[in-house]
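Engineer: First the structure, which I've put down as structure tokens, then a few questions once you've had a look.
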Amino acid sequence: MKEILDAKNRIHKFINKTPIVSSRLLNKWLGHDIFFKAECLQKIGAFKARGACNTISWLADNGKLPKQIIANSSGNHAQAVAWASSQFGIPSKIFMPSYSSKVKIQATQSYGAEVELCETRDIADKKVKEQANKDGVFWIPPFNHYQVIYGQGTVAYEVFDELDNVDAIFAPCGGGGLLSGTILSTHSFSPKTKVYGAEPLNANDAAQSLKQNSIQRLQSIPNTLADGAMTMAIGEITFEHLKKLDGLYEISEKDMIYWTQWLTHLLKLHIEPTSALGMEAGFQWLKSQKSKKRIVVILSGGNIDQKTQSKIWEDSFLEVQPQTLG
């Protein structure tokens, strides 16, 4: 797809081409080949750097760089916009819910952004829309923007540029930007590969939306450790792409924490709970397979504050070995 190739060419000098890793032991236990795209090693510690950087690069290519860039986010997108804006020397302001990760708030400020904390996500969303109407201001939404989606699609592009014969690829779903980009890339560069999403059962607005064929909005802040998937609703653009998924798994908090611990242990990587959603989805999918498969799980990020880290390791699951599937 031309738009994703354009995004790749725009951002390659700014971002990391993250490694694809695997665990020999995990593959032996499960009887399948499982690969992990380590976006936890990306700039700012998450895939979000790609979409933000591509959008600003696209503006630059078209001679439309603004005087200020604004965004609304609970974390990784906030850092990404702050970082990407600094690469182009443009001031940025980010509206964040007050319950956002302290680490992500601090990191966003350290990249040079002005941060305004809002009582709720809805208030942050309202304020950013108001500011977006001002002259010289450009709003980069967390997911509901084509250039953001094309940037996120470069994750899967890199996967298929390196790996052949991938049976399925799994990615977490918050607002749907990463999944939308993954769908576009997969259908263009590896059309035989199936695409599955995974979101917290406690924040399953995307699953509800697909079941009811209309965008459903959560009524309250979801109770989940997956702060990268705490969006209140998916977007109009991402909704249309998510309809093309081969499936969307709703993951319990316990299963998400289980795989956060095990992947940290097996891969020796620092991953956030949102990243573990795709592994549990892949695990469930592999249970129904009759032959050995090759799958890819996108590890979306690795930014965790002390409070979340404590909850992850409150109970140890490392005594319960992943079961053999093959």
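Note on naming: chains are A, B, ... as they come in the structure tokens, residues start from 1 per chain, ligands start from 1 in the order shown.
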I'd like the neighbourhood of A:Cys40 as a ChimeraX atom specification, where a residue qualifies if any of its atoms comes within 12 Å (using only C-alpha atoms), though same-chain residues fewer than 6 positions away should be ignored.
Structural biologist: /A:16-21,46-49,76,155,264,267-276,298-304
Engineer: Might you pull out every residue within 12 Å of A:His265, with only C-alpha atoms counted and same-chain residues fewer than 3 positions away left off, and present them as a list of chain:residue names?
Structural biologist: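 Everything that qualifies: A:Ser23, A:Leu25, A:Leu26, A:Tyr258, A:Trp259, A:Thr260, A:Gln261, A:Trp262, A:Lys268, A:Leu269, A:His270, A:Ile271, A:Trp313, A:Ser316, A:Phe317, A:Leu318, A:Glu319, A:Gln321.
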Engineer: Name the closest residue to A:Ser74 among the candidates A:Gly235, A:Gly112, A:Pro142, A:Gly197; distances are taken between atoms, counting only C-alpha atoms.
Structural biologist: A:Pro142
Engineer: Run DSSP on the backbone and tell me which residues of stretch 34-173 of chain A come out as helix (DSSP H, G or I); list them as a ChimeraX atom specification.
Structural biologist: /A:39-41,43-45,48-61,76-87,102-110,121-132,146-162
Engineer: In Å, how far is it from atom CA of A:Thr238 to atom CA of A:Gln79?
Structural biologist: 21.3 Å
